[in-house]
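> data_32.cif is reproduced below (mmCIF, C-alpha atoms).
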```
data_my_file
#
loop_
_atom_site.label_atom_id
_atom_site.label_comp_id
_atom_site.auth_asym_id
_atom_site.auth_seq_id
_atom_site.Cartn_x
_atom_site.Cartn_y
_atom_site.Cartn_z
CA MET A 1 -4.99 -4.13 -16.76
CA SER A 2 -5.41 -3.91 -20.45
CA ASN A 3 -5.91 -6.99 -22.50
CA PHE A 4 -5.88 -5.36 -25.86
CA GLU A 5 -3.55 -8.03 -27.17
CA ALA A 6 -5.97 -10.80 -26.29
CA THR A 7 -8.71 -9.05 -28.23
CA ARG A 8 -6.45 -8.69 -31.24
CA LEU A 9 -5.29 -12.26 -31.07
CA TYR A 10 -8.79 -13.67 -30.72
CA GLU A 11 -10.20 -11.62 -33.55
CA GLN A 12 -7.36 -12.71 -35.78
CA VAL A 13 -7.83 -16.35 -34.76
CA ILE A 14 -11.50 -16.21 -35.69
CA GLU A 15 -10.74 -14.60 -39.04
CA GLU A 16 -8.14 -17.18 -39.97
CA VAL A 17 -10.02 -20.20 -38.67
CA ILE A 18 -13.09 -19.21 -40.66
CA THR A 19 -11.04 -18.52 -43.79
CA ASP A 20 -9.01 -21.70 -43.51
CA SER A 21 -12.05 -23.83 -42.79
CA ARG A 22 -13.86 -22.73 -45.93
CA GLN A 23 -12.19 -25.49 -47.94
CA ASP A 24 -13.04 -28.07 -45.28
CA PHE A 25 -16.66 -26.99 -45.36
CA GLU A 26 -16.73 -27.22 -49.14
CA ASP A 27 -15.17 -30.67 -49.06
CA SER A 28 -17.90 -31.84 -46.72
CA GLY A 29 -20.58 -30.32 -48.91
CA ILE A 30 -21.61 -27.75 -46.31
CA ASP A 31 -22.52 -24.33 -47.63
CA GLU A 32 -21.12 -20.94 -46.78
CA SER A 33 -24.08 -19.88 -44.65
CA THR A 34 -23.29 -22.58 -42.08
CA LEU A 35 -19.70 -21.36 -41.93
CA GLN A 36 -20.98 -17.85 -41.26
CA GLU A 37 -23.31 -19.24 -38.63
CA LEU A 38 -20.35 -20.90 -36.93
CA ARG A 39 -18.60 -17.55 -36.86
CA LYS A 40 -21.68 -15.85 -35.46
CA ILE A 41 -22.20 -18.38 -32.66
CA TRP A 42 -18.52 -18.31 -31.84
CA CYS A 43 -18.50 -14.52 -31.53
CA GLN A 44 -21.65 -14.59 -29.44
CA LYS A 45 -20.23 -17.13 -27.04
CA LEU A 46 -17.03 -15.17 -26.71
CA SER A 47 -18.93 -12.01 -25.91
CA GLN A 48 -21.00 -13.86 -23.33
CA SER A 49 -17.84 -15.00 -21.58
CA SER A 50 -16.95 -11.27 -21.23
CA ILE A 51 -13.26 -12.02 -21.10
CA ALA A 52 -12.51 -9.03 -23.28
CA LYS A 53 -14.16 -6.33 -25.35
CA PHE A 54 -14.53 -7.14 -29.00
CA SER A 55 -15.05 -4.96 -32.00
CA TRP A 56 -18.31 -6.68 -32.82
CA ASP A 57 -19.63 -5.96 -29.32
CA GLU A 58 -20.01 -2.29 -30.15
CA GLU A 59 -21.91 -3.08 -33.30
CA ALA A 60 -24.10 -5.49 -31.42
CA SER A 61 -24.89 -3.02 -28.68
CA ARG A 62 -25.82 -0.39 -31.24
CA GLU A 63 -28.12 -2.85 -32.96
CA GLU A 64 -29.59 -3.78 -29.63
CA GLU A 65 -30.33 -0.18 -28.81
CA GLU A 66 -32.01 0.24 -32.14
CA ALA A 67 -34.09 -2.87 -31.55
CA LEU A 68 -35.01 -1.70 -28.09
CA ARG A 69 -36.17 1.65 -29.35
CA GLN A 70 -38.25 0.00 -32.02
CA GLN A 71 -39.74 -2.32 -29.47
CA GLN A 72 -40.70 0.57 -27.26
CA GLN A 73 -42.39 2.30 -30.13
CA GLU A 74 -44.32 -0.82 -30.96
CA GLN A 75 -45.28 -1.19 -27.37
CA GLN A 76 -46.58 2.33 -27.27
CA GLN A 77 -48.61 1.70 -30.36
CA GLU A 78 -49.95 -1.47 -28.89
CA GLU A 79 -50.90 0.33 -25.74
CA GLN A 80 -52.70 2.90 -27.80
CA ILE A 81 -54.65 0.20 -29.58
CA HIS A 82 -55.29 -1.51 -26.32
CA GLN A 83 -56.65 1.65 -24.82
CA ASP A 84 -58.91 2.15 -27.79
CA GLU A 85 -60.19 -1.36 -27.36
CA LEU A 86 -60.77 -0.78 -23.70
CA HIS A 87 -62.64 2.34 -24.50
CA GLN A 88 -64.83 0.49 -26.91
CA GLN A 89 -65.37 -2.26 -24.42
CA GLN A 90 -66.47 0.21 -21.84
CA GLN A 91 -68.89 1.69 -24.26
CA LEU A 92 -70.22 -1.76 -24.97
CA HIS A 93 -70.66 -2.30 -21.29
CA HIS A 94 -72.62 0.87 -21.09
CA GLU A 95 -75.02 -0.25 -23.69
CA VAL A 96 -75.92 -3.38 -21.82
CA PRO A 97 -79.37 -2.80 -20.47
CA VAL A 98 -79.02 -2.55 -16.76
CA PRO A 99 -82.09 -2.99 -14.66
CA ALA A 100 -81.71 0.33 -12.98
CA PRO A 101 -84.20 0.74 -10.24
CA ASP A 102 -85.01 4.31 -10.76
CA GLY A 103 -83.75 5.24 -14.16
CA ASP A 104 -80.72 7.02 -12.90
CA LEU A 105 -78.83 6.56 -16.12
CA HIS A 106 -79.50 10.01 -17.25
CA SER A 107 -76.72 12.58 -17.02
CA SER A 108 -74.20 9.94 -16.17
CA GLY A 109 -72.14 10.67 -19.23
CA LEU A 110 -73.59 7.86 -21.21
CA GLU A 111 -73.94 8.37 -24.86
CA LEU A 112 -77.29 6.80 -25.21
CA PRO A 113 -79.70 8.76 -27.26
CA ASN A 114 -81.69 10.99 -25.01
CA SER A 115 -84.92 10.10 -26.66
CA ALA A 116 -84.63 6.51 -25.57
CA LEU A 117 -84.66 7.59 -21.99
CA SER A 118 -86.92 10.51 -22.25
CA TYR A 119 -89.66 8.79 -20.30
CA ASN A 120 -87.29 8.49 -17.42
CA THR A 121 -86.99 11.94 -16.05
CA THR A 122 -85.94 11.32 -12.54
CA THR A 123 -82.45 12.68 -12.25
CA SER A 124 -81.04 11.25 -9.11
CA VAL A 125 -77.36 11.96 -9.63
CA ALA A 126 -76.45 10.06 -6.53
CA SER A 127 -75.88 6.69 -8.12
CA ASN A 128 -74.13 8.12 -11.09
CA ASN A 129 -72.42 5.48 -13.19
CA SER A 130 -73.18 2.82 -10.65
CA GLY A 131 -73.10 -0.70 -11.91
CA LEU A 132 -71.48 0.31 -15.14
CA GLN A 133 -67.84 0.63 -14.27
CA LEU A 134 -65.72 -1.79 -12.45
CA PRO A 135 -64.22 -0.25 -9.36
CA GLY A 136 -60.80 1.38 -9.28
CA ILE A 137 -58.73 -1.59 -10.28
CA LYS A 138 -59.56 -0.99 -13.87
CA SER A 139 -56.79 1.22 -15.10
CA GLU A 140 -55.20 1.82 -18.44
CA ASP A 141 -52.57 -0.81 -18.21
CA ASP A 142 -54.94 -3.54 -17.27
CA VAL A 143 -54.24 -6.74 -19.02
CA GLY A 144 -57.42 -7.79 -20.64
CA ASP A 145 -57.74 -11.31 -21.81
CA ASP A 146 -60.20 -12.73 -24.14
CA ASN A 147 -62.64 -14.00 -21.58
CA GLY A 148 -63.50 -10.46 -20.67
CA LEU A 149 -61.77 -10.69 -17.35
CA MET A 150 -59.60 -7.78 -16.41
CA ILE A 151 -56.73 -8.62 -14.14
CA PRO A 152 -54.94 -5.52 -13.01
CA THR A 153 -51.21 -5.32 -13.13
CA ILE A 154 -50.26 -3.93 -9.80
CA GLY A 155 -46.74 -2.86 -9.07
CA GLN A 156 -46.42 -5.09 -6.09
CA ALA A 157 -43.21 -6.93 -5.36
CA ASP A 158 -43.78 -8.36 -1.92
CA GLY A 159 -46.09 -11.26 -1.92
CA THR A 160 -49.16 -12.37 -3.74
CA ILE A 161 -52.06 -10.22 -4.77
CA GLU A 162 -55.39 -11.14 -3.34
CA PHE A 163 -58.70 -9.99 -4.53
CA THR A 164 -62.20 -11.27 -4.45
CA MET A 165 -64.48 -11.62 -7.39
CA TYR A 166 -68.09 -12.63 -7.67
CA SER A 167 -69.24 -14.44 -10.72
CA SER A 168 -72.03 -16.73 -11.69
CA GLU A 169 -69.62 -18.84 -13.66
CA ALA A 170 -66.89 -19.05 -11.10
CA ALA A 171 -65.80 -22.56 -11.92
CA ARG A 172 -65.38 -21.88 -15.60
CA LEU A 173 -63.50 -18.69 -14.90
CA MET A 174 -61.08 -20.35 -12.52
CA GLU A 175 -60.38 -22.99 -15.11
CA LYS A 176 -59.51 -20.33 -17.65
CA ILE A 177 -57.27 -18.45 -15.29
CA LYS A 178 -55.46 -21.59 -14.32
CA ARG A 179 -54.85 -22.50 -17.91
CA LYS A 180 -53.57 -19.04 -18.61
CA ASN A 181 -51.14 -19.17 -15.72
CA GLN A 182 -49.84 -22.50 -16.85
CA ASN A 183 -49.19 -21.14 -20.27
CA ASN A 184 -47.30 -18.26 -18.74
CA LEU A 185 -45.19 -20.63 -16.70
CA LYS A 186 -44.24 -22.55 -19.78
CA LYS A 187 -43.03 -19.38 -21.38
CA LEU A 188 -40.27 -18.90 -18.82
CA ALA A 189 -37.39 -17.23 -20.56
CA GLN A 190 -34.49 -19.48 -19.93
CA ALA A 191 -31.28 -18.77 -21.75
CA ASP A 192 -28.81 -21.20 -20.27
CA GLY A 193 -29.76 -24.54 -21.62
CA ALA A 194 -32.79 -26.69 -21.89
CA ASP A 195 -35.31 -26.46 -19.12
CA ASP A 196 -35.47 -29.77 -17.41
CA PHE A 197 -38.44 -30.20 -15.22
CA ASP A 198 -37.66 -33.86 -14.74
CA ASP A 199 -36.93 -34.18 -11.11
CA ASP A 200 -37.10 -37.91 -10.87
CA ASP A 201 -33.76 -38.61 -12.52
CA ILE A 202 -31.69 -37.34 -9.64
CA TYR A 203 -31.45 -40.76 -8.14
CA ASN A 204 -31.14 -43.05 -11.09
CA ASP A 205 -28.83 -41.28 -13.49
CA SER A 206 -26.02 -43.73 -12.91
CA ASP A 207 -25.32 -47.18 -11.62
CA ASP A 208 -26.59 -47.76 -8.15
CA ILE A 209 -23.20 -49.12 -7.15
CA ASN A 210 -21.83 -45.61 -6.72
CA SER A 211 -22.73 -44.63 -3.22
CA ASP A 212 -22.81 -41.11 -1.93
CA LEU A 213 -19.55 -41.76 -0.13
CA ASP A 214 -17.73 -42.39 -3.38
CA ASP A 215 -19.01 -39.16 -4.81
CA ASP A 216 -17.72 -37.18 -1.89
CA VAL A 217 -14.24 -38.59 -2.15
CA GLU A 218 -14.21 -37.93 -5.87
CA SER A 219 -15.28 -34.35 -5.59
CA ASP A 220 -12.85 -33.61 -2.78
CA LYS A 221 -10.03 -34.78 -4.93
CA GLU A 222 -11.22 -32.74 -7.86
CA ASP A 223 -11.48 -29.66 -5.71
CA ASP A 224 -7.93 -30.12 -4.66
CA GLU A 225 -6.45 -30.48 -8.08
CA ASP A 226 -8.72 -29.19 -10.78
CA GLY A 227 -11.08 -27.13 -8.73
CA GLN A 228 -10.88 -23.92 -10.67
CA ASP A 229 -10.30 -25.47 -14.00
CA ASP A 230 -12.56 -23.02 -15.74
CA GLY A 231 -10.78 -19.92 -14.60
CA GLN A 232 -7.35 -18.91 -13.41
CA ILE A 233 -5.54 -21.07 -15.88
CA MET A 234 -2.54 -20.39 -18.02
CA LEU A 235 -1.83 -22.41 -21.14
CA CYS A 236 1.63 -22.02 -22.60
CA LEU A 237 4.87 -23.64 -23.67
CA TYR A 238 7.93 -24.06 -21.48
CA ASP A 239 11.53 -23.42 -22.40
CA LYS A 240 13.03 -24.34 -19.06
CA VAL A 241 11.91 -25.49 -15.65
CA GLN A 242 14.59 -25.44 -12.97
CA ARG A 243 14.58 -26.35 -9.32
CA VAL A 244 17.08 -25.57 -6.59
CA LYS A 245 15.95 -27.14 -3.32
CA ASN A 246 12.39 -25.91 -2.89
CA LYS A 247 12.68 -22.99 -5.27
CA TRP A 248 11.27 -23.42 -8.74
CA LYS A 249 11.97 -21.19 -11.68
CA SER A 250 10.22 -21.52 -14.98
CA THR A 251 10.70 -19.86 -18.30
CA LEU A 252 7.53 -19.96 -20.32
CA LYS A 253 6.35 -18.52 -23.60
CA GLU A 254 3.51 -18.05 -26.05
CA GLY A 255 0.71 -18.32 -23.57
CA VAL A 256 -2.92 -17.51 -23.00
CA ALA A 257 -4.03 -16.88 -19.44
CA ASN A 258 -7.41 -16.43 -17.86
CA ILE A 259 -7.08 -14.34 -14.73
CA ASN A 260 -10.08 -13.15 -12.73
CA GLY A 261 -12.41 -13.60 -15.65
CA ARG A 262 -10.28 -11.78 -18.19
CA ASP A 263 -8.02 -13.25 -20.81
CA TYR A 264 -4.44 -12.16 -21.41
CA VAL A 265 -1.84 -13.27 -23.86
CA PHE A 266 1.90 -13.03 -23.47
CA GLN A 267 5.04 -13.76 -25.41
CA LYS A 268 7.28 -14.57 -22.48
CA ALA A 269 6.71 -15.39 -18.85
CA ASN A 270 9.04 -15.95 -15.95
CA GLY A 271 7.94 -17.41 -12.70
CA GLU A 272 9.36 -18.10 -9.31
CA SER A 273 7.66 -20.13 -6.67
CA GLU A 274 8.53 -21.94 -3.48
CA TRP A 275 7.24 -25.37 -2.75
CA MET B 1 0.79 -37.47 -41.10
CA SER B 2 3.33 -35.45 -42.99
CA ALA B 3 2.11 -32.02 -41.92
CA PRO B 4 3.44 -30.80 -38.60
CA ALA B 5 1.13 -31.47 -35.69
CA TYR B 6 0.25 -28.82 -33.18
CA TYR B 7 -0.60 -28.97 -29.52
CA GLU B 8 -4.26 -29.18 -28.63
CA LEU B 9 -3.51 -27.36 -25.41
CA TYR B 10 -5.01 -24.04 -26.42
CA ARG B 11 -8.43 -25.63 -26.90
CA ARG B 12 -8.84 -25.14 -23.17
CA SER B 13 -8.60 -21.37 -23.48
CA THR B 14 -11.71 -19.26 -23.78
CA ILE B 15 -11.34 -18.87 -27.53
CA GLY B 16 -11.00 -22.65 -27.82
CA THR B 17 -13.89 -23.66 -25.57
CA THR B 18 -16.21 -21.17 -27.24
CA LEU B 19 -15.29 -22.60 -30.65
CA ALA B 20 -15.96 -26.12 -29.38
CA ASP B 21 -19.30 -24.94 -27.99
CA ALA B 22 -20.23 -23.36 -31.30
CA LEU B 23 -19.28 -26.53 -33.18
CA ASP B 24 -21.30 -28.60 -30.71
CA THR B 25 -24.31 -26.41 -31.39
CA LEU B 26 -23.98 -26.97 -35.12
CA ILE B 27 -23.54 -30.72 -34.63
CA SER B 28 -26.58 -31.07 -32.43
CA ASP B 29 -28.57 -29.04 -34.97
CA GLU B 30 -27.35 -31.60 -37.51
CA LYS B 31 -25.84 -28.90 -39.65
CA ILE B 32 -22.34 -30.36 -39.68
CA GLN B 33 -20.74 -33.74 -39.08
CA PRO B 34 -18.44 -34.36 -36.09
CA GLN B 35 -15.60 -35.18 -38.50
CA LEU B 36 -15.79 -31.68 -39.93
CA ALA B 37 -15.74 -30.22 -36.43
CA MET B 38 -12.53 -32.15 -35.71
CA ARG B 39 -10.93 -30.66 -38.78
CA ILE B 40 -11.93 -27.18 -37.71
CA LEU B 41 -10.39 -27.78 -34.30
CA HIS B 42 -7.17 -28.90 -35.96
CA ASN B 43 -7.18 -25.69 -37.96
CA PHE B 44 -7.66 -23.86 -34.70
CA ASP B 45 -4.68 -25.63 -33.07
CA ARG B 46 -2.46 -24.62 -35.93
CA ILE B 47 -3.65 -21.02 -36.18
CA VAL B 48 -3.46 -20.23 -32.47
CA SER B 49 0.01 -21.73 -32.20
CA GLU B 50 1.25 -19.78 -35.19
CA LEU B 51 -0.32 -16.49 -34.09
CA LEU B 52 1.15 -16.75 -30.60
CA LYS B 53 4.67 -16.97 -31.99
CA SER B 54 6.71 -13.82 -31.75
CA GLU B 55 6.99 -13.67 -35.54
CA ALA B 56 3.26 -13.06 -35.78
CA GLY B 57 3.76 -9.87 -33.78
CA ILE B 58 0.53 -10.01 -31.84
CA ALA B 59 1.51 -11.34 -28.43
CA LYS B 60 4.28 -9.10 -27.17
CA SER B 61 3.56 -8.75 -23.47
CA LYS B 62 5.78 -10.09 -20.76
CA LEU B 63 4.44 -11.75 -17.69
CA THR B 64 6.05 -12.57 -14.38
CA PHE B 65 4.57 -14.34 -11.43
CA LYS B 66 5.61 -15.19 -7.91
CA GLY B 67 3.85 -17.45 -5.47
CA ASP B 68 3.73 -20.60 -3.39
CA LEU B 69 4.01 -23.74 -5.45
CA HIS B 70 1.28 -26.05 -4.22
CA THR B 71 1.49 -28.87 -6.75
CA TYR B 72 3.90 -29.74 -9.52
CA ARG B 73 3.57 -32.53 -12.00
CA PHE B 74 5.56 -33.61 -15.01
CA CYS B 75 3.88 -36.16 -17.16
CA ASP B 76 4.14 -36.95 -20.87
CA ASP B 77 6.36 -33.94 -21.37
CA VAL B 78 3.73 -31.61 -19.91
CA TRP B 79 4.33 -29.51 -16.82
CA THR B 80 1.41 -28.69 -14.57
CA PHE B 81 1.77 -26.28 -11.68
CA ILE B 82 -0.76 -25.16 -9.16
CA ILE B 83 0.45 -22.01 -7.48
CA LYS B 84 -1.21 -20.30 -4.56
CA ASN B 85 -1.09 -16.68 -3.43
CA VAL B 86 0.29 -15.55 -6.73
CA LEU B 87 1.24 -12.05 -7.70
CA ILE B 88 1.05 -11.72 -11.45
CA LYS B 89 2.64 -8.82 -13.27
CA LEU B 90 1.97 -8.10 -16.88
CA THR B 91 3.85 -5.62 -18.98
CA ASP B 92 1.97 -4.75 -22.09
CA VAL B 93 4.65 -3.74 -24.52
CA SER B 94 2.24 -2.68 -27.23
CA THR B 95 0.65 0.19 -25.33
CA ASN B 96 3.66 2.01 -23.83
CA ASP B 97 1.95 1.60 -20.50
CA SER B 98 4.75 2.48 -18.13
CA ASN B 99 3.09 1.23 -14.98
CA ASP B 100 2.94 -2.52 -14.87
CA ASN B 101 -0.31 -4.21 -14.15
CA GLU B 102 -0.41 -6.38 -11.09
CA ILE B 103 -3.01 -8.88 -10.03
CA ASN B 104 -3.20 -10.98 -6.92
CA VAL B 105 -4.72 -14.42 -7.31
CA ASP B 106 -5.42 -17.04 -4.64
CA LYS B 107 -4.93 -19.99 -6.88
CA PHE B 108 -3.53 -20.32 -10.32
CA LYS B 109 -2.93 -23.24 -12.60
CA ILE B 110 -0.34 -23.48 -15.32
CA VAL B 111 -0.28 -26.11 -18.02
CA ALA B 112 2.80 -25.96 -20.21
CA CYS B 113 3.91 -28.09 -23.12
CA ASN B 114 7.46 -28.43 -24.36
CA SER B 115 8.33 -25.52 -26.60
CA ARG B 116 10.85 -27.47 -28.62
CA LYS B 117 8.25 -29.77 -30.01
CA ALA B 118 5.74 -27.11 -30.84
CA GLY B 119 4.90 -27.14 -34.52
CA ASP B 120 7.18 -30.11 -35.35
CA LEU B 121 5.79 -32.77 -33.10
#
```
Show me the file's structure as structure tokens.

Amino acid sequence: MSNFEATRLYEQVIEEVITDSRQDFEDSGIDESTLQELRKIWCQKLSQSSIAKFSWDEEASREEEEALRQQQQEQQQEEQIHQDELHQQQQLHHEVPVPAPDGDLHSSGLELPNSALSYNTTTSVASNNSGLQLPGIKSEDDVGDDNGLMIPTIGQADGTIEFTMYSSEAARLMEKIKRKNQNNLKKLAQADGADDFDDDDIYNDSDDINSDLDDDVESDKEDDEDGQDDGQIMLCLYDKVQRVKNKWKSTLKEGVANINGRDYVFQKANGESEW
Amino acid sequence: MSAPAYYELYRRSTIGTTLADALDTLISDEKIQPQLAMRILHNFDRIVSELLKSEAGIAKSKLTFKGDLHTYRFCDDVWTFIIKNVLIKLTDVSTNDSNDNEINVDKFKIVACNSRKAGDL
């Protein structure tokens, strides 16, 4: 079912409301940019309601694509930098003097000057690299944080990740991790209103006189009459409403209807219904 | 008021509620005063009413519906119907679409104001 007319009507309404309100804005001493902001928010909200396709939606989606591509590029660059950093970090790790029992550092791919180790000629390849690299969990997309702790990002969707770490400063580390997690929690992307973590106002948001029973009665009634107020509503003018016994006929005009999440406009409407 | 008044009925449509939302946002950001928002909404009432008229040439479709009338109410010159099991047919005149569009809806509400007073209340 096409609702091309609704799109046209709505776009025209926005145009004219913005144009006609310019004088009102001026009279109130509000500048043009706020008027344009009103238009922008209005268009955004209309698009979010997805009641129709609008001409600005296409533009927006193109812009979005562009932004997405740019973001990806930046991400790639960041990853590159990150990898470089990691690489450097690893090298740093390597240079930490490790009390190797039998000087098995040689031929392990380390870039230490040979001369420094020349007195150590035992070449037991067995424990190659040992003690210098963290075991397998350290991969390229590790998320390093500034306390030198590498927490791997594992593509796991079912349950928590468990792993054991040994550290001499366990308490301090845990504190840091906890703080980090809390920060992450606070950064929850919520788009539909303010995040209210207040859970203690459930009980005292109104007078205590209203009992639960009252609420139930109220909501039942609402369900009956205005239940689907948000959708499935038709707003129009009537020319005639006639009734013969239980049969009702209505002649309506100039209406806007929201049906199954889409908006339609009409010039004339005729309806028959039995009571 | 000497200027003709218009129904505020269409504020309940999507285009109206989204405008009210947008105005609310600007008010809570303290960018505009509520009085200005009221004036914008009055502009909206006038513009929607005028654009829906046949002279504007935008809304041309015809709609018919058939269903069980669940509730009827006539109060302050406003008809309200709640119709159940409705079959809605819409003929879009603008796009020579020969086959009518039909939608079945469980529950449908109609709010209608008197057409004779529209624009010269």
> Based on all atoms listed in the file, which of the residues in chain A come within 8 Å of chain B? I want them as a ChimeraX atom specification.
/A:1-2,5-6,8-10,13,16-17,20-21,24-25,28,30,34,38,41-42,45-46,49,51,225,229,232-239,248,252-260,263,265-275
> What is the CA of Ala67 in chain A to CA of Ile14 in chain A distance in Å?
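Atom-to-atom, CA of Ala67 in chain A to CA of Ile14 in chain A, that is 26.6 Å.
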> Between CA of Arg69 in chain A and CA of Gln83 in chain A, what distance in Å does the model show, to one decimal?
21.0 Å
> Between CA of Asp27 in chain A and CA of Gln12 in chain A, what is the distance, to one decimal in Å?
23.7 Å
> Would you kindly return, as a ChimeraX atom specification, each protein, DNA or RNA residue with an atom no farther than 7 Å from any atom of Ala52 in chain A, considering only C-alpha atoms and excluding same-chain residues fewer than 5 positions away?
/A:3,7,262-263
> Enclose all atoms of range 69-85 of chain A listed in the file in an axis-aligned box, grow every side by 3 Å, and hand back centre and edge lengths in Å to one decimal, as AutoDock Vina command-line options.

```
--center_x -48.2 --center_y 0.3 --center_z -28.4 --size_x 30.0 --size_y 11.2 --size_z 13.2
```
> For each of A:Glu78, A:Glu66, A:Asp57, A:Glu37, take the minimum atom-to-atom distance to Ile18 in chain A, counting all atoms listed in the file, then give the residue where this is smallest.
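Using all atoms listed in the file, the shortest distance to Ile18 in chain A belongs to A:Glu37.
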